[in-house]
>>> print(open('entry_27.cif').read())   # mmCIF, C-alpha atoms
data_structure
#
loop_
_atom_site.group_PDB
_atom_site.id
_atom_site.type_symbol
_atom_site.label_atom_id
_atom_site.label_comp_id
_atom_site.auth_asym_id
_atom_site.auth_seq_id
_atom_site.Cartn_x
_atom_site.Cartn_y
_atom_site.Cartn_z
ATOM 1 C CA MET E 6 237.498 128.867 49.682
ATOM 2 C CA PHE E 7 237.089 125.270 48.584
ATOM 3 C CA GLY E 8 236.904 124.287 52.245
ATOM 4 C CA HIS E 9 234.201 126.852 52.862
ATOM 5 C CA SER E 10 232.275 125.614 49.926
ATOM 6 C CA ARG E 11 232.336 122.054 51.177
ATOM 7 C CA THR E 12 231.236 123.118 54.597
ATOM 8 C CA GLY E 13 228.406 125.079 53.135
ATOM 9 C CA GLU E 14 227.413 122.148 50.976
ATOM 10 C CA TRP E 15 227.524 119.816 53.957
ATOM 11 C CA LEU E 16 225.347 122.228 55.963
ATOM 12 C CA SER E 17 222.962 122.401 53.117
ATOM 13 C CA TRP E 18 222.633 118.589 53.058
ATOM 14 C CA ARG E 19 222.240 118.460 56.795
ATOM 15 C CA TRP E 20 219.432 120.985 56.565
ATOM 16 C CA LEU E 21 217.832 119.000 53.843
ATOM 17 C CA VAL E 22 218.065 115.794 55.910
ATOM 18 C CA LEU E 23 216.705 117.594 58.979
ATOM 19 C CA LEU E 24 213.843 119.113 57.020
ATOM 20 C CA ALA E 25 213.127 115.720 55.493
ATOM 21 C CA ALA E 26 213.135 114.152 58.925
ATOM 22 C CA LEU E 27 210.823 116.825 60.311
ATOM 23 C CA ALA E 28 208.553 116.441 57.350
ATOM 24 C CA ALA E 29 208.437 112.702 57.884
ATOM 25 C CA GLY E 30 207.700 113.205 61.587
ATOM 26 C CA VAL E 31 204.848 115.557 60.830
ATOM 27 C CA MET E 32 203.416 113.032 58.426
ATOM 28 C CA VAL E 33 203.729 110.246 61.023
ATOM 29 C CA LEU E 34 202.063 112.403 63.692
ATOM 30 C CA ALA E 35 199.309 113.292 61.304
ATOM 31 C CA ALA E 36 198.807 109.655 60.467
ATOM 32 C CA CYS E 37 198.770 108.745 64.169
ATOM 33 C CA GLY E 38 196.354 111.540 64.943
ATOM 34 C CA GLU E 39 193.946 110.306 62.296
ATOM 35 C CA SER E 40 194.100 106.725 63.547
ATOM 36 C CA ALA E 41 193.564 107.836 67.167
ATOM 37 C CA THR E 42 189.960 108.867 66.487
ATOM 38 C CA PRO E 43 187.957 105.589 66.547
ATOM 39 C CA THR E 44 185.632 104.913 63.687
ATOM 40 C CA PRO E 45 182.139 104.760 65.266
ATOM 41 C CA GLU E 46 180.564 101.344 65.210
ATOM 42 C CA PRO E 47 177.147 101.317 63.526
ATOM 43 C CA THR E 48 174.354 101.214 66.104
ATOM 44 C CA ALA E 49 172.258 98.103 65.798
ATOM 45 C CA THR E 50 168.569 98.831 65.183
ATOM 46 C CA PRO E 51 166.591 97.032 67.898
ATOM 47 C CA ALA E 52 164.163 94.473 66.580
ATOM 48 C CA PRO E 53 160.569 95.667 67.074
ATOM 49 C CA THR E 54 158.739 93.942 69.906
ATOM 50 C CA PRO E 55 155.700 92.182 68.466
ATOM 51 C CA THR E 56 152.459 93.703 69.689
ATOM 52 C CA SER E 57 150.160 91.122 71.191
ATOM 53 C CA GLU E 58 146.674 90.995 69.688
ATOM 54 C CA PRO E 59 143.987 92.054 72.197
ATOM 55 C CA THR E 60 141.820 89.210 73.405
ATOM 56 C CA PRO E 61 138.336 89.817 72.043
ATOM 57 C CA THR E 62 135.741 90.247 74.743
ATOM 58 C CA SER E 63 132.179 89.051 74.283
ATOM 59 C CA THR E 64 129.618 91.806 73.892
ATOM 60 C CA PRO E 65 126.867 91.348 76.484
ATOM 61 C CA THR E 66 123.422 90.815 75.017
ATOM 62 C CA PRO E 67 121.296 93.822 75.975
ATOM 63 C CA THR E 68 118.335 92.948 78.169
ATOM 64 C CA ALA E 69 115.090 93.898 76.516
ATOM 65 C CA ALA E 70 113.193 96.529 78.436
ATOM 66 C CA PRO E 71 109.816 95.306 79.701
ATOM 67 C CA THR E 72 106.942 96.337 77.509
ATOM 68 C CA PRO E 73 104.824 98.799 79.450
ATOM 69 C CA THR E 74 101.187 97.950 79.846
ATOM 70 C CA PRO E 75 99.310 100.238 77.529
ATOM 71 C CA ALA E 76 97.067 102.758 79.242
ATOM 72 C CA LEU E 77 93.302 102.366 78.931
ATOM 73 C CA THR E 78 92.327 104.267 75.803
ATOM 74 C CA SER E 79 88.641 103.373 75.636
ATOM 75 C CA LEU E 80 86.236 102.433 78.376
ATOM 76 C CA SER E 81 84.917 99.645 76.164
ATOM 77 C CA ASP E 82 88.339 97.954 76.462
ATOM 78 C CA ILE E 83 88.014 97.240 80.181
ATOM 79 C CA ASP E 84 88.751 93.741 81.453
ATOM 80 C CA GLU E 85 88.874 91.910 84.770
ATOM 81 C CA THR E 86 92.088 93.734 85.759
ATOM 82 C CA THR E 87 90.819 97.262 85.089
ATOM 83 C CA THR E 88 90.555 99.244 88.308
ATOM 84 C CA GLY E 89 88.581 102.281 89.327
ATOM 85 C CA ALA E 90 91.836 104.244 89.116
ATOM 86 C CA ASP E 91 92.186 103.213 85.449
ATOM 87 C CA LEU E 92 88.660 104.442 84.819
ATOM 88 C CA ILE E 93 89.272 107.769 86.540
ATOM 89 C CA ALA E 94 92.512 108.278 84.579
ATOM 90 C CA VAL E 95 90.650 108.575 81.257
ATOM 91 C CA LEU E 96 87.853 110.819 82.509
ATOM 92 C CA SER E 97 87.833 114.594 82.271
ATOM 93 C CA GLU E 98 88.173 116.764 85.365
ATOM 94 C CA SER E 99 84.484 117.651 85.310
ATOM 95 C CA GLU E 100 83.508 113.975 85.025
ATOM 96 C CA VAL E 101 85.746 113.073 87.974
ATOM 97 C CA ASP E 102 84.328 115.882 90.123
ATOM 98 C CA CYS E 103 80.778 114.725 89.375
ATOM 99 C CA LEU E 104 81.709 111.104 90.106
ATOM 100 C CA ARG E 105 83.309 112.025 93.449
ATOM 101 C CA THR E 106 80.203 113.965 94.441
ATOM 102 C CA ALA E 107 77.875 111.129 93.399
ATOM 103 C CA VAL E 108 79.651 108.313 95.272
ATOM 104 C CA GLY E 109 81.138 110.386 98.121
ATOM 105 C CA ASP E 110 84.758 110.804 99.105
ATOM 106 C CA GLU E 111 84.898 107.464 100.906
ATOM 107 C CA GLY E 112 83.394 105.564 97.984
ATOM 108 C CA TYR E 113 85.591 107.463 95.537
ATOM 109 C CA GLN E 114 88.767 106.477 97.406
ATOM 110 C CA ALA E 115 87.647 102.867 97.819
ATOM 111 C CA MET E 116 86.784 102.290 94.168
ATOM 112 C CA GLN E 117 90.245 103.357 92.995
ATOM 113 C CA GLY E 118 91.858 100.308 94.600
ATOM 114 C CA MET E 119 89.267 97.832 93.341
ATOM 115 C CA THR E 120 88.593 96.334 89.949
ATOM 116 C CA LEU E 121 85.524 97.598 88.151
ATOM 117 C CA ALA E 122 83.896 94.194 88.595
ATOM 118 C CA GLN E 123 84.245 94.701 92.352
ATOM 119 C CA SER E 124 83.452 98.397 92.572
ATOM 120 C CA LEU E 125 80.516 98.499 90.166
ATOM 121 C CA THR E 126 77.761 96.232 91.397
ATOM 122 C CA GLY E 127 75.696 97.036 88.316
ATOM 123 C CA ILE E 128 75.815 99.473 85.475
ATOM 124 C CA ASP E 129 72.374 100.774 86.461
ATOM 125 C CA VAL E 130 73.667 102.046 89.811
ATOM 126 C CA PHE E 131 76.731 103.746 88.393
ATOM 127 C CA PRO E 132 76.240 107.505 87.931
ATOM 128 C CA LEU E 133 76.370 107.416 84.145
ATOM 129 C CA GLN E 134 74.957 110.914 84.112
ATOM 130 C CA CYS E 135 78.386 112.103 85.219
ATOM 131 C CA LEU E 136 80.023 110.878 82.021
ATOM 132 C CA GLU E 137 80.104 112.346 78.565
ATOM 133 C CA PRO E 138 77.694 110.433 76.265
ATOM 134 C CA ALA E 139 80.502 108.656 74.384
ATOM 135 C CA ASN E 140 82.167 107.573 77.636
ATOM 136 C CA ALA E 141 78.863 106.421 79.105
ATOM 137 C CA ILE E 142 78.193 104.275 76.044
ATOM 138 C CA ASP E 143 81.714 102.833 76.060
ATOM 139 C CA LEU E 144 81.558 102.011 79.765
ATOM 140 C CA SER E 145 78.135 100.359 79.460
ATOM 141 C CA ALA E 146 79.301 98.274 76.487
ATOM 142 C CA GLY E 147 82.553 97.452 78.272
ATOM 143 C CA MET E 148 80.768 96.235 81.401
ATOM 144 C CA MET E 149 78.462 94.107 79.244
ATOM 145 C CA SER E 150 81.504 92.620 77.507
ATOM 146 C CA LEU E 151 83.097 91.962 80.898
ATOM 147 C CA GLN E 152 79.996 90.077 82.072
ATOM 148 C CA ALA E 153 80.007 87.969 78.898
ATOM 149 C CA GLY E 154 83.700 87.151 79.197
ATOM 150 C CA GLY E 155 84.453 89.266 76.141
ATOM 151 C CA LEU E 156 82.449 90.318 73.090
ATOM 152 C CA SER E 157 83.556 90.209 69.474
ATOM 153 C CA ASP E 158 84.261 93.496 67.717
ATOM 154 C CA ASP E 159 81.042 93.164 65.713
ATOM 155 C CA SER E 160 78.948 92.463 68.804
ATOM 156 C CA LEU E 161 80.548 95.332 70.706
ATOM 157 C CA ALA E 162 79.947 97.780 67.855
ATOM 158 C CA CYS E 163 76.314 96.651 67.605
ATOM 159 C CA VAL E 164 75.761 97.088 71.356
ATOM 160 C CA LYS E 165 77.214 100.611 71.214
ATOM 161 C CA GLY E 166 74.856 101.437 68.353
ATOM 162 C CA VAL E 167 71.857 100.210 70.366
ATOM 163 C CA PHE E 168 72.910 102.288 73.393
ATOM 164 C CA ALA E 169 73.404 105.352 71.205
ATOM 165 C CA GLU E 170 69.931 104.973 69.689
ATOM 166 C CA HIS E 171 67.875 103.748 72.656
ATOM 167 C CA GLY E 172 69.825 104.945 75.680
ATOM 168 C CA MET E 173 71.266 102.829 78.496
ATOM 169 C CA LEU E 174 69.730 100.877 81.317
ATOM 170 C CA GLY E 175 69.183 103.016 84.348
ATOM 171 C CA ALA E 176 66.839 103.743 87.183
ATOM 172 C CA ALA E 177 65.106 106.426 85.117
ATOM 173 C CA MET E 178 64.100 103.938 82.363
ATOM 174 C CA ASN E 179 60.599 102.440 82.639
ATOM 175 C CA GLU E 180 60.033 98.713 82.336
ATOM 176 C CA THR E 181 58.645 98.823 78.793
ATOM 177 C CA ASP E 182 61.611 100.771 77.447
ATOM 178 C CA ALA E 183 64.018 98.582 79.414
ATOM 179 C CA MET E 184 62.448 95.472 77.852
ATOM 180 C CA ARG E 185 62.828 96.878 74.353
ATOM 181 C CA LEU E 186 66.440 97.788 75.046
ATOM 182 C CA VAL E 187 67.321 94.366 76.471
ATOM 183 C CA ILE E 188 65.786 92.434 73.576
ATOM 184 C CA THR E 189 67.289 94.729 70.932
ATOM 185 C CA MET E 190 70.674 94.543 72.629
ATOM 186 C CA ARG E 191 70.477 90.751 72.886
ATOM 187 C CA LEU E 192 70.047 90.555 69.125
ATOM 188 C CA CYS E 193 73.630 91.925 68.862
ATOM 189 C CA LEU E 194 75.105 88.868 70.559
ATOM 190 C CA THR E 195 76.051 85.404 69.418
ATOM 191 C CA ASP E 196 74.403 82.471 71.190
ATOM 192 C CA GLU E 197 77.684 81.746 72.994
ATOM 193 C CA GLU E 198 78.057 85.335 74.213
ATOM 194 C CA ALA E 199 74.461 85.417 75.429
ATOM 195 C CA MET E 200 74.898 82.079 77.202
ATOM 196 C CA ALA E 201 78.019 83.352 78.975
ATOM 197 C CA MET E 202 76.196 86.507 80.046
ATOM 198 C CA ASP E 203 73.203 84.528 81.313
ATOM 199 C CA ALA E 204 75.524 82.248 83.302
ATOM 200 C CA SER E 205 77.196 85.236 84.959
ATOM 201 C CA GLY E 206 73.842 86.627 86.041
ATOM 202 C CA GLY E 207 74.150 89.565 83.664
ATOM 203 C CA GLY E 208 71.540 88.359 81.196
ATOM 204 C CA ASP E 209 67.816 87.775 81.110
ATOM 205 C CA PRO E 210 65.907 84.521 80.551
ATOM 206 C CA PHE E 211 65.323 85.113 76.867
ATOM 207 C CA PRO E 212 65.709 82.665 73.970
ATOM 208 C CA PRO E 213 69.116 82.474 72.273
ATOM 209 C CA PRO E 214 69.814 85.415 69.949
ATOM 210 C CA SER E 215 69.652 83.148 66.894
ATOM 211 C CA GLN E 216 66.023 82.284 67.757
ATOM 212 C CA LEU E 217 65.183 85.906 68.475
ATOM 213 C CA ARG E 218 66.614 86.900 65.093
ATOM 214 C CA CYS E 219 64.526 84.288 63.355
ATOM 215 C CA ILE E 220 61.387 85.493 65.143
ATOM 216 C CA SER E 221 62.180 89.094 64.227
ATOM 217 C CA GLU E 222 62.299 88.048 60.576
ATOM 218 C CA GLN E 223 58.811 86.519 60.851
ATOM 219 C CA THR E 224 57.024 89.245 62.756
ATOM 220 C CA ASP E 225 57.387 92.755 64.090
ATOM 221 C CA LEU E 226 59.544 92.967 67.201
ATOM 222 C CA GLU E 227 56.816 95.032 68.851
ATOM 223 C CA ASN E 228 54.793 91.823 69.216
ATOM 224 C CA LEU E 229 57.731 90.275 71.024
ATOM 225 C CA PHE E 230 57.947 93.260 73.368
ATOM 226 C CA ILE E 231 54.237 92.961 74.219
ATOM 227 C CA VAL E 232 54.436 89.236 74.947
ATOM 228 C CA TYR E 233 57.572 89.474 77.094
ATOM 229 C CA GLN E 234 56.202 92.414 78.999
ATOM 230 C CA ALA E 235 53.170 90.292 79.863
ATOM 231 C CA LEU E 236 55.446 87.422 80.949
ATOM 232 C CA VAL E 237 57.493 89.730 83.164
ATOM 233 C CA THR E 238 54.289 90.970 84.784
ATOM 234 C CA LEU E 239 53.300 87.395 85.583
ATOM 235 C CA ASP E 240 56.777 86.478 86.866
ATOM 236 C CA THR E 241 56.848 89.405 89.275
ATOM 237 C CA GLY E 242 53.620 88.274 90.941
ATOM 238 C CA MET E 243 51.617 91.204 89.731
ATOM 239 C CA ASP E 244 47.989 90.854 88.747
ATOM 240 C CA GLU E 245 47.464 88.809 85.617
ATOM 241 C CA PRO E 246 47.111 91.205 82.695
ATOM 242 C CA THR E 247 43.754 91.412 81.026
ATOM 243 C CA PRO E 248 43.916 89.632 77.656
ATOM 244 C CA GLU E 249 43.256 92.603 75.463
ATOM 245 C CA PRO E 250 42.973 92.231 71.682
ATOM 246 C CA GLU E 251 46.436 93.695 71.151
ATOM 247 C CA MET E 252 47.998 91.136 73.460
ATOM 248 C CA LEU E 253 46.072 88.244 71.952
ATOM 249 C CA SER E 254 47.176 89.302 68.468
ATOM 250 C CA ALA E 255 50.788 89.582 69.572
ATOM 251 C CA VAL E 256 50.731 86.116 71.155
ATOM 252 C CA ALA E 257 49.271 84.629 67.968
ATOM 253 C CA GLU E 258 51.999 86.309 65.879
ATOM 254 C CA ILE E 259 54.778 85.068 68.118
ATOM 255 C CA MET E 260 53.436 81.497 68.178
ATOM 256 C CA ALA E 261 53.283 81.471 64.378
ATOM 257 C CA ALA E 262 56.848 82.829 64.190
ATOM 258 C CA GLN E 263 58.094 80.174 66.634
ATOM 259 C CA GLU E 264 56.532 77.452 64.542
ATOM 260 C CA ALA E 265 58.124 78.857 61.366
ATOM 261 C CA CYS E 266 61.526 78.969 63.084
ATOM 262 C CA GLY E 267 61.158 75.432 64.444
ATOM 263 C CA ILE E 268 61.180 76.651 68.052
ATOM 264 C CA PRO E 269 59.175 74.348 70.325
ATOM 265 C CA ILE E 270 56.190 75.994 72.003
ATOM 266 C CA VAL E 271 56.151 75.082 75.660
ATOM 267 C CA VAL E 272 52.806 75.395 77.404
ATOM 268 C CA GLU E 273 53.040 75.504 81.182
ATOM 269 C CA ASN E 274 50.115 74.431 83.301
#
>>> encode(input="entry_27.cif", output="structure tokens")
Amino acid sequence: MFGHSRTGEWLSWRWLVLLAALAAGVMVLAACGESATPTPEPTATPAPTPTSEPTPTSTPTPTAAPTPTPALTSLSDIDETTTGADLIAVLSESEVDCLRTAVGDEGYQAMQGMTLAQSLTGIDVFPLQCLEPANAIDLSAGMMSLQAGGLSDDSLACVKGVFAEHGMLGAAMNETDAMRLVITMRLCLTDEEAMAMDASGGGDPFPPPSQLRCISEQTDLENLFIVYQALVTLDTGMDEPTPEPEMLSAVAEIMAAQEACGIPIVVEN
């Protein structure tokens, strides 16, 4: 029995040793298994690539658009570059139809490509009757300004007022009325404007406006009309007018006015 007990005790110790050994082996395997899985290395964060600054580009300077030539708004604003086409562009349809009929198709086409100075040989031959009154006045004043090389605003306004009150030069106007209109219109001008118009052939051989204004302050302009009408009659080679009392009185008035204004009296033989 004792021997059995010792054997049993020995077996018990052997089992204990075996179990201890197995337990130690399991622990070793577990430890090995844990060390077999590699610890992941931390991933390095790539350094950001510096962004290059964009090279500034120069902004092109915009080219200014050419200023369009303003259209003709008033016939009194005509100049040496104004063409017949510019004139027609501001007229009404009825005015254009009348103008085409008056000058004919050939003349109508020709005048469109020419300046007004070329196409209008004289305001008295232009069919002003085709134009509305305001346009006729503006065109007449504009042509007068063109002949004088340009009129001041005051002179131009005065000329328009004379045309509006007395009418415009034309074939239908008699010589007496034409004389009154020319003298009255000349009073609107400065001496320089009148001189320029005379030089261009668009004026009449009258004294400078400053002298005419002085005379008009000394006597009635009707006396001036009578005297100049008599002079025109003599210049045209017509029969010498009979010295009627009215004419003699007018001459005496004008001579007295000239003396008061300091204007020399020239007596031709």
>>> closest_residue(input="entry_27.cif", among="E:Ala199, E:Leu96, E:Cys135, E:Leu217", to="Leu80 of chain E", atoms="only C-alpha atoms")
E:Leu96
>>> closest_residue(input="entry_27.cif", among="E:Phe211, E:Tyr233, E:Met202, E:Ser157", to="Thr181 of chain E", atoms="only C-alpha atoms")
E:Tyr233
>>> resolve_selection(input="entry_27.cif", expression="the PyMOL selection byres ((chain E and resi 90) around 9)", output="number ranges by chain")
E: 87-89, 91-94, 116-120
>>> atom_distance(input="entry_27.cif", atom1="atom CA of Val232 of chain E", atom2="atom CA of Ile188 of chain E")
11.9 Å
>>> closest_residue(input="entry_27.cif", among="E:Ser79, E:Ser97, E:Asn140, E:Ser254", to="Ile231 of chain E", atoms="all atoms listed in the file")
E:Ser254
>>> closest_residue(input="entry_27.cif", among="E:Leu104, E:Leu194, E:Val95, E:Met252", to="Ala153 of chain E", atoms="only C-alpha atoms")
E:Leu194
>>> decode(input="entry_27.cif", residues="segment 221-238 of chain E", atoms="C-alpha atoms", output="compact mmCIF listing (two decimals), in the first residue's frame")
# COMPACT_ATOMS: atom_id res chain seq x y z
CA SER E 221 -27.91 154.36 -89.01
CA GLU E 222 -27.64 156.13 -85.66
CA GLN E 223 -27.53 159.53 -87.41
CA THR E 224 -30.30 159.08 -89.94
CA ASP E 225 -33.07 156.76 -91.03
CA LEU E 226 -31.82 153.70 -92.89
CA GLU E 227 -34.40 154.39 -95.59
CA ASN E 228 -32.20 157.28 -96.76
CA LEU E 229 -29.33 154.84 -97.08
CA PHE E 230 -31.48 152.47 -99.14
CA ILE E 231 -32.45 155.30 -101.52
CA VAL E 232 -28.87 156.45 -102.04
CA TYR E 233 -27.47 152.95 -102.61
CA GLN E 234 -30.27 152.07 -104.95
CA ALA E 235 -29.34 155.11 -107.03
CA LEU E 236 -25.66 154.06 -106.98
CA VAL E 237 -26.53 150.54 -108.11
CA THR E 238 -28.55 152.00 -110.98
